[in-house]
Amino acid sequence: RPVNLINQNWRVLDMPKRRAEQVEESVDLDSPEEQGKTPHLRKRRAVEEAVDESFDPLDQLPVETTKPLDDSLDSSAKKRKSIAPTPTIPKKKSAKTAQDGQQQENELFEALVSGGSALQPVVSEWVKRYEDNAEAAVVELIQLFVVCCGCKATITMEMYRKSETSEAIRSLTENFAEESGDYPLVATGPVYKKFKVTFVEFVEKLIEQCQHAAIYDEYLLDTLIMWLVALTDSQVRAFRHTCTLACMKLVTALITVAHTVNTELDNTQRQIDSEEKRPDNKRGAGKLEKLAEKRQELQRHINSLHEIMDFIFSSVFVRRYRDICADIRAICLAELGVWMKSYSAHFLADSYLKYIGWTLYDKTGDVRLASLVALQGLYSSEELVVHLDMFTQRFKGRITMMRLDKEEVVAVHAIQLCATMMARDMLEAEECVEICELVFLESRTVSHAAGDFAVKYLFSDDFMSRAKQARVVKGRKKPTDHQIMLMELVRFYVDVKIHEHATYFVDSLWEYTDVLRDWEAMTSMLLDDKCGVVLNDEEESVLIEIMTCAAKRATSTAIPTGRSRGRVLSIKERRAMEEEKEKLSTVLMSSIPALMSKYGTDANKATNLASIPQHFNLDLYSEQRLHKQLEVLLTDLKELIMKHTDPGVLDECALTYQYLSQEQFSLHSTTDVALSQLVDDLVQNMKQYVSACKDDSLAEEDNEDLFGLAVTLRRLVALYSMIDLSRWKFTDDLILVLDIAVAEGCIDKVLCNVLMCLRLETMWALNSLDVNSPQSDTVKWLKARLQHLVEQCLELVKFGSTLGQREAFVTLCDLLVMFGKQLNSIGQLGPLVYIPEDSLQQALQAYTQQSVFSGLEDEKEPDSDEEALAQAELLNDRRVLLAGFLKLAIYGIIDMKHAALIFSQYVKQFHNFGDLIKMAVTKCRESNPISWYKTVVLSLQQVYEQIREAQNGAIDHTSAEWVGLRDLARRYSLTLGLDWGKVRQPVVGIHRDGIMYALACAIGDEDGPPRLDFLEVVSEFSYHLIDVDRKGLVAFLQSQLTEGTMERMEKHPAWKWLMAFKKTLADPEHAKGSKGRPKGTPGRPRGRPRAPSPVEEEPPQVAKEDQNSPGSPAEEQGEVATPPDTGKKRGRGRPRKIKT
């Protein structure tokens, strides 16, 4: 019988040794059900246990105790034998030749590849051939599945009849000729673009065409499933992947058939019930018996379908859901979710749900995603969710934790699943708040998913009803829904204690609620004293900040840092943005002056309110005749500037003045008049303070005039940074203050503001010049002013206070960059180019070395958040100073050799400044390769001399300092890249200068030159050399040595460094990192530093990769990775593989 044939073949397949090899290969040892077991017990359990039938929610890893697979097959076959009649194979009506069979197979595969409407007639033709000759048609179908796996082997009729399934599968595996790893299911290109869709459609149509007779004859499905199940246990991934998909889709198609049979069974049962209610004399003759026979037949069909589905589940799913291939695991989980949703009566049980729960811990994101998608379909159904109580109790914690998954798409689906569970009242309030807090994340997709969740949670019907009852205040107006919603947002923002990320908060919620666009509700909550919502001072600050961020989000394309929009706004979106800008302007143009008057005394509130007019549509001032509101706004801005000293308030007011002063604004003259009055008052106050301070010392801390001067200068700096104030000509008095400060000293606040004003004046003067015909008087004045500023700043850098030194250094860096060599190529501005003297360059280098790198070793771990914040701010200041100096070296403004000491800190201070120094090293090499290699050699020499001095001339070549020097050279070499044509000259120069430095001492010394070990550092660049340059360097090295030196070099051990370096140059195989690479090509410069031995050690043995570990290059196709052959050319691709 065919059933006996199945059992016989499975007994052969499940021989202990082979079954152990197959199951062990597919076990995922990192899955949660395998944790906590020794490797021996895990392998033994994987071989001996089959299907899980019990599920205890209290156990983290349920124990599987069922019969072996052979016994389940025998019992299944016996049960089906007792129900179904003896199977009969349809008699052969016409013979088909082998050529015809091959032709039909090609037609089937071509139909799958082409897809479209050609699939239906092909399936119908195959069904007809099956009715004529079942055996040949089944062989043709099996051959089709083998070809779909990418195997070119042919299954002959003789092989089908005489060979057992295990032997046939083994033969197919041995003859699997495809070595590329691509097979139709995963192949790319236009040919196989739709193959997966058509393959799945073919399986569905095949079952649909055979649902009335062929699937119950116990020959077609039994034989097909026997082969597919055997192929799913193959070591070849193509067989497992393709046939697992076929089996999973086969069950899905059988579920559709089962629904049809169940419908017929229900109809038959109703007919029987109706017939039994009739009197005996009115019943049809034999009708009841026929209906009973039909019901029995349909019941046999249902039982048969259930047996087939259970057999595929136990023999395919249970093995493949933890396959080494993530795609196979994802297919199993995705289809299991479809089965549970479409056929819940059979599959929606704890014995099946546990597999989805376990795979939530899978280490591959696609598998976790498939599990979440399956659960989303179940929790979305009101009919199915009642069966998930036990599962929810066990795995709810894992689902909520997946909101922090490293894969963003998985985290998004986890949040969406939590939203569905929250709608079913399955989440606690604490869990919901934790998900809502994700709106502050940098990730755009995750934060937006959390924003959708937060809107659903905070604005739910029950929550809103309770909020309305709690917000009713006697004597006040009834709050609107939007006001209550805004209040809830404010309360949530305050409670989570994240107060500096309102822009992220607004961006996350923007697309899911309109409450952030209700400007009337916001202004009424802030201005209306009888509003039904009462806010305290902190809540008012938060609401103003949210309103400011919402205005920016509504009127501009700017998004928070780290959240890339990823696309350009469409015309429709831009039109909607303009409409929203008009709505905002209409409401806030009238209310912003009142808001400034009421909340202008608070610095934080004033900063946010001052920025709101920057998002207005200024044309509405004239269109809606709002001239008075504009004048009131300008008056309020002036009061804010004259009232506050906070830099944030002053900078925002200056930005608003700049925005209102645009020439295209029809009422910009009104703004110009108000701005002139403001600057006149500030300049007048400044001159009064300067006159009052001339006779007093500028270094007195308690001098009120000095304090007033500092505040006035800070206000002028804020305006000067946005608007050109040169026409007021107030800087001559500041030059006098600067001269006094340099000669006698000055408080830092005054000195820093004076330097900023003078720097801005110089920049605006340069910007206003006519590049083609600048006025000679202006050029002379600008050169004199620049020279004076540079001299005074240099004095401050050398002898000033800490803050004065920093501001003077920043001023020097900015001025040197602006008046650099690039002016030679801009019109007639060449005379303004300023070339710094060497003394100035040395002073800048010394200050950078002292202020940036000193004191870092003494820093301790912060004990509080305040200390951590202070350290972060100090580090940021250091990085600003370092960047200012490095850009001078990159642009060639100073000699690059002055950056050698800075470059030498690359490894030592890599954690704090590594990115800046690496970028500077790369840019310097690109701008001037000759100066770069001389600077690199000088940097290495300076570090080398420091090590020699610290170790009293006898360098310990195993010390951390020596290893750090070699690591520094290695990192320099890594910045050279792989374009050997561009780096050839600097690499040769490094070797020549290094050789000359190492051999600089007297060659007649028998102990050798004392710096000969420096060649070991130079050898870190040798793998960049090509053969021609190697020969030239060997000749150069030979020319530096005498004959007597060569004789001593062979006898005295102190010359070992030179011998090793000479071998490195003569033979590329001795170069560092050149093992196993072609002659004349650079080696692999990556990896950990080599041991500091002057003699080459034997290459380390390459360990074989674990074939059973997921993701290994050898995979599981009977292939192992071998160590690279150092005698042959090897590429940079995957390791060479051999068949076992």
# chains A, B, ... in the order shown; residues from 1 in each chain; ligands from 1

call {"tool": "residues_around", "arguments": {"residues": "region 775-777 of chain A", "least_positions_apart": "4", "cutoff": "12 Å", "atoms": "only C-alpha atoms", "output": "ChimeraX atom specification"}}
result
/A:765-766,768-771,781-784,828-829,831-832

call {"tool": "residues_around", "arguments": {"residues": "region 941-948 of chain A", "least_positions_apart": "2", "cutoff": "10 Å", "atoms": "only C-alpha atoms", "output": "number ranges by chain"}}
result
A: 900-901, 904-905, 935-939, 950-956, 959, 961-962, 964-966, 968, 994, 997-998, 1010-1011, 1013-1014, 1017

call {"tool": "residues_around", "arguments": {"residues": "Lys605 (chain A)", "least_positions_apart": "5", "cutoff": "12 Å", "atoms": "only C-alpha atoms", "output": "PyMOL selection string"}}
result
chain A and resi 526+537-548+595-600+610-612+640+644+646+648-649+652

call {"tool": "closest_residue", "arguments": {"among": "A:Ser676, A:Gln614, A:Ser570, A:Ser381", "to": "Leu584 (chain A)", "atoms": "only C-alpha atoms"}}
result
A:Gln614

call {"tool": "atom_distance", "arguments": {"atom1": "CA of Glu335 (chain A)", "atom2": "CA of Arg170 (chain A)"}}
result
28.3 Å

call {"tool": "select_by_dssp", "arguments": {"residues": "region 524-740 of chain A", "states": "helix (DSSP H, G or I)", "output": "VMD selection string"}}
result
chain A and resid 524 to 527 537 to 555 571 to 599 603 to 615 619 to 623 627 to 643 647 to 660 668 to 693 704 to 720 726 to 728 731 to 740

call {"tool": "write_last_selection", "arguments": {"atoms": "C-alpha atoms", "output": "compact mmCIF listing (two decimals), in the first residue's frame"}}
result
# COMPACT_ATOMS: atom_id res chain seq x y z
CA SER A 524 -7.25 80.69 25.24
CA MET A 525 -5.66 78.39 27.81
CA LEU A 526 -2.82 80.89 28.22
CA LEU A 527 -4.74 84.19 28.09
CA ASP A 537 3.68 77.94 36.09
CA GLU A 538 5.48 74.77 34.93
CA GLU A 539 2.53 73.66 32.81
CA GLU A 540 2.32 77.11 31.21
CA SER A 541 5.99 76.89 30.23
CA VAL A 542 5.45 73.45 28.74
CA LEU A 543 2.37 74.54 26.78
CA ILE A 544 4.22 77.56 25.36
CA GLU A 545 7.12 75.33 24.33
CA ILE A 546 4.76 72.83 22.70
CA MET A 547 2.98 75.66 20.86
CA THR A 548 6.32 77.01 19.62
CA CYS A 549 7.47 73.60 18.36
CA ALA A 550 4.07 73.00 16.74
CA ALA A 551 4.31 76.35 14.92
CA LYS A 552 7.74 75.43 13.58
CA ARG A 553 6.54 71.97 12.56
CA ALA A 554 3.49 73.37 10.79
CA THR A 555 5.27 76.01 8.72
CA ILE A 571 2.93 69.91 -4.05
CA LYS A 572 -0.16 68.97 -2.09
CA GLU A 573 1.78 68.84 1.18
CA ARG A 574 3.39 72.20 0.50
CA ARG A 575 0.02 73.74 -0.25
CA ALA A 576 -1.33 72.34 3.02
CA MET A 577 1.68 73.80 4.82
CA GLU A 578 0.99 77.24 3.37
CA GLU A 579 -2.65 77.01 4.44
CA GLU A 580 -1.60 76.03 7.96
CA LYS A 581 0.82 78.96 8.01
CA GLU A 582 -2.01 81.36 7.19
CA LYS A 583 -4.22 79.89 9.94
CA LEU A 584 -1.42 80.20 12.47
CA SER A 585 -0.65 83.78 11.43
CA THR A 586 -4.29 84.82 11.57
CA VAL A 587 -4.67 83.63 15.17
CA LEU A 588 -1.27 84.44 16.67
CA MET A 589 -0.62 87.84 15.04
CA SER A 590 -3.27 89.27 17.30
CA SER A 591 -2.46 87.27 20.41
CA ILE A 592 1.35 87.15 20.44
CA PRO A 593 1.76 90.70 21.81
CA ALA A 594 -0.53 89.84 24.73
CA LEU A 595 1.40 86.65 25.35
CA MET A 596 4.70 88.55 25.39
CA SER A 597 3.30 91.12 27.78
CA LYS A 598 2.00 88.46 30.16
CA TYR A 599 4.90 86.00 30.09
CA ALA A 603 13.39 83.87 30.22
CA ASN A 604 12.32 80.42 28.99
CA LYS A 605 8.84 81.57 28.06
CA ALA A 606 10.16 84.74 26.43
CA THR A 607 12.64 82.70 24.32
CA ASN A 608 9.87 80.55 22.88
CA LEU A 609 7.42 83.40 22.35
CA ALA A 610 10.04 85.55 20.61
CA SER A 611 10.61 82.80 18.02
CA ILE A 612 6.93 82.40 17.04
CA PRO A 613 6.78 85.50 14.72
CA GLN A 614 9.50 83.84 12.59
CA HIS A 615 6.78 81.48 11.29
CA ASP A 619 1.90 89.58 3.97
CA LEU A 620 -1.13 89.14 6.22
CA TYR A 621 -0.07 92.19 8.25
CA SER A 622 -0.91 94.41 5.29
CA GLU A 623 -3.73 92.29 3.85
CA HIS A 627 -0.28 97.58 11.35
CA LYS A 628 -1.02 98.28 14.97
CA GLN A 629 -0.35 94.68 15.99
CA LEU A 630 3.03 94.86 14.19
CA GLU A 631 3.98 98.02 16.04
CA VAL A 632 2.99 96.46 19.36
CA LEU A 633 5.05 93.36 18.49
CA LEU A 634 8.14 95.46 17.73
CA THR A 635 7.68 97.35 20.99
CA ASP A 636 7.45 94.09 22.92
CA LEU A 637 10.58 92.77 21.21
CA LYS A 638 12.47 95.91 22.23
CA GLU A 639 11.30 95.50 25.81
CA LEU A 640 12.46 91.87 25.81
CA ILE A 641 15.92 92.88 24.61
CA MET A 642 16.26 95.72 27.09
CA LYS A 643 14.88 93.63 29.94
CA PRO A 647 21.67 84.78 25.47
CA GLY A 648 18.74 82.61 24.34
CA VAL A 649 16.24 85.47 24.56
CA LEU A 650 18.58 87.94 22.86
CA ASP A 651 19.44 85.58 19.99
CA GLU A 652 15.79 84.74 19.28
CA CYS A 653 14.81 88.42 19.31
CA ALA A 654 17.63 89.16 16.87
CA LEU A 655 16.44 86.37 14.57
CA THR A 656 12.92 87.78 14.68
CA TYR A 657 14.17 91.27 13.83
CA GLN A 658 16.07 89.82 10.88
CA TYR A 659 12.95 87.97 9.67
CA LEU A 660 10.79 91.10 9.96
CA HIS A 668 9.77 96.29 6.45
CA SER A 669 10.24 100.05 6.78
CA THR A 670 8.31 99.93 10.05
CA THR A 671 10.72 97.31 11.31
CA ASP A 672 13.74 99.34 10.17
CA VAL A 673 12.56 102.37 12.13
CA ALA A 674 12.02 100.32 15.30
CA LEU A 675 15.38 98.60 14.88
CA SER A 676 17.20 101.92 14.38
CA GLN A 677 15.68 103.29 17.56
CA LEU A 678 16.77 100.18 19.46
CA VAL A 679 20.36 100.29 18.17
CA ASP A 680 20.60 104.04 18.82
CA ASP A 681 19.66 103.48 22.44
CA LEU A 682 22.14 100.62 22.83
CA VAL A 683 25.01 102.54 21.22
CA GLN A 684 24.27 105.57 23.35
CA ASN A 685 24.29 103.47 26.50
CA MET A 686 27.53 101.77 25.43
CA LYS A 687 29.32 105.09 24.89
CA GLN A 688 28.17 106.34 28.26
CA TYR A 689 29.49 103.25 29.99
CA VAL A 690 32.81 103.45 28.11
CA SER A 691 33.24 107.08 29.14
CA ALA A 692 32.45 106.24 32.74
CA CYS A 693 34.95 103.37 32.77
CA GLU A 704 28.35 98.67 37.99
CA ASP A 705 29.40 100.57 34.87
CA LEU A 706 31.46 97.57 33.74
CA PHE A 707 28.50 95.29 34.29
CA GLY A 708 26.24 97.62 32.30
CA LEU A 709 28.85 97.77 29.53
CA ALA A 710 29.04 93.97 29.38
CA VAL A 711 25.25 93.62 29.16
CA THR A 712 24.95 96.30 26.47
CA LEU A 713 27.73 94.73 24.44
CA ARG A 714 26.03 91.33 24.69
CA ARG A 715 22.82 92.82 23.27
CA LEU A 716 24.77 94.45 20.45
CA VAL A 717 26.54 91.15 19.71
CA ALA A 718 23.19 89.36 19.39
CA LEU A 719 21.94 91.95 16.89
CA TYR A 720 25.31 92.26 15.11
CA SER A 726 28.39 98.95 10.69
CA ARG A 727 26.64 102.20 9.84
CA TRP A 728 26.54 103.13 13.55
CA THR A 731 33.66 100.04 17.32
CA ASP A 732 36.31 102.75 17.72
CA ASP A 733 35.42 102.98 21.38
CA LEU A 734 35.71 99.19 21.60
CA ILE A 735 39.26 99.30 20.19
CA LEU A 736 40.14 101.64 23.04
CA VAL A 737 38.60 99.21 25.54
CA LEU A 738 40.55 96.33 23.97
CA ASP A 739 43.86 98.18 24.20
CA ILE A 740 43.24 98.97 27.86

call {"tool": "residues_around", "arguments": {"residues": "Glu434 (chain A)", "least_positions_apart": "4", "cutoff": "12 Å", "atoms": "only C-alpha atoms", "output": "CSV table (one decimal) with C-alpha atoms, in the first residue's frame"}}
result
chain,number,residue,atom,x,y,z
A,400,THR,CA,6.1,44.9,25.6
A,401,MET,CA,9.9,44.6,25.8
A,402,MET,CA,10.2,44.2,22.1
A,403,ARG,CA,9.3,47.9,21.8
A,404,LEU,CA,13.1,48.4,22.3
A,415,ILE,CA,4.2,48.9,19.4
A,418,CYS,CA,0.7,46.6,22.1
A,427,LEU,CA,-2.0,46.3,29.3
A,428,GLU,CA,-1.4,48.0,32.6
A,429,ALA,CA,-1.0,51.8,32.9
A,430,GLU,CA,2.7,51.6,33.7
A,438,LEU,CA,9.3,56.3,23.1
A,439,VAL,CA,8.0,59.5,21.4
A,440,PHE,CA,11.3,61.1,22.5
A,450,ALA,CA,4.9,55.4,19.8
A,453,PHE,CA,0.1,54.6,20.6
A,454,ALA,CA,0.2,57.7,22.8
A,457,TYR,CA,-3.9,55.9,25.0
A,492,PHE,CA,2.3,63.6,30.3
A,495,ASP,CA,5.4,63.6,34.4
A,496,VAL,CA,8.0,61.8,32.2

call {"tool": "atom_distance", "arguments": {"atom1": "CA of Val534 (chain A)", "atom2": "CA of Tyr493 (chain A)"}}
result
16.2 Å

call {"tool": "residues_around", "arguments": {"residues": "Leu698 (chain A)", "least_positions_apart": "6", "cutoff": "8 Å", "atoms": "only C-alpha atoms", "output": "list in words"}}
result
Leu706, Ile740, Ala741, Glu744, Gly745, Cys746 and Ile747 of chain A

call {"tool": "closest_residue", "arguments": {"among": "A:Ile995, A:Val147, A:Leu298, A:Asp1029", "to": "Gly981 (chain A)", "atoms": "only C-alpha atoms"}}
result
A:Asp1029

call {"tool": "closest_residue", "arguments": {"among": "A:Arg319, A:Arg240, A:Lys193, A:His212", "to": "Thr173 (chain A)", "atoms": "only C-alpha atoms"}}
result
A:Arg240

call {"tool": "atom_distance", "arguments": {"atom1": "CA of Gln299 (chain A)", "atom2": "CA of Glu264 (chain A)"}}
result
10.1 Å

call {"tool": "closest_residue", "arguments": {"among": "A:Val455, A:Val494, A:Leu1033, A:Ala969", "to": "Trp510 (chain A)", "atoms": "only C-alpha atoms"}}
result
A:Val455

call {"tool": "residues_around", "arguments": {"residues": "region 924-927 of chain A", "least_positions_apart": "3", "cutoff": "10 Å", "atoms": "only C-alpha atoms", "output": "ChimeraX atom specification"}}
result
/A:886-887,889-892,896,918-921,930-933,935-936,975-976,982-983,986
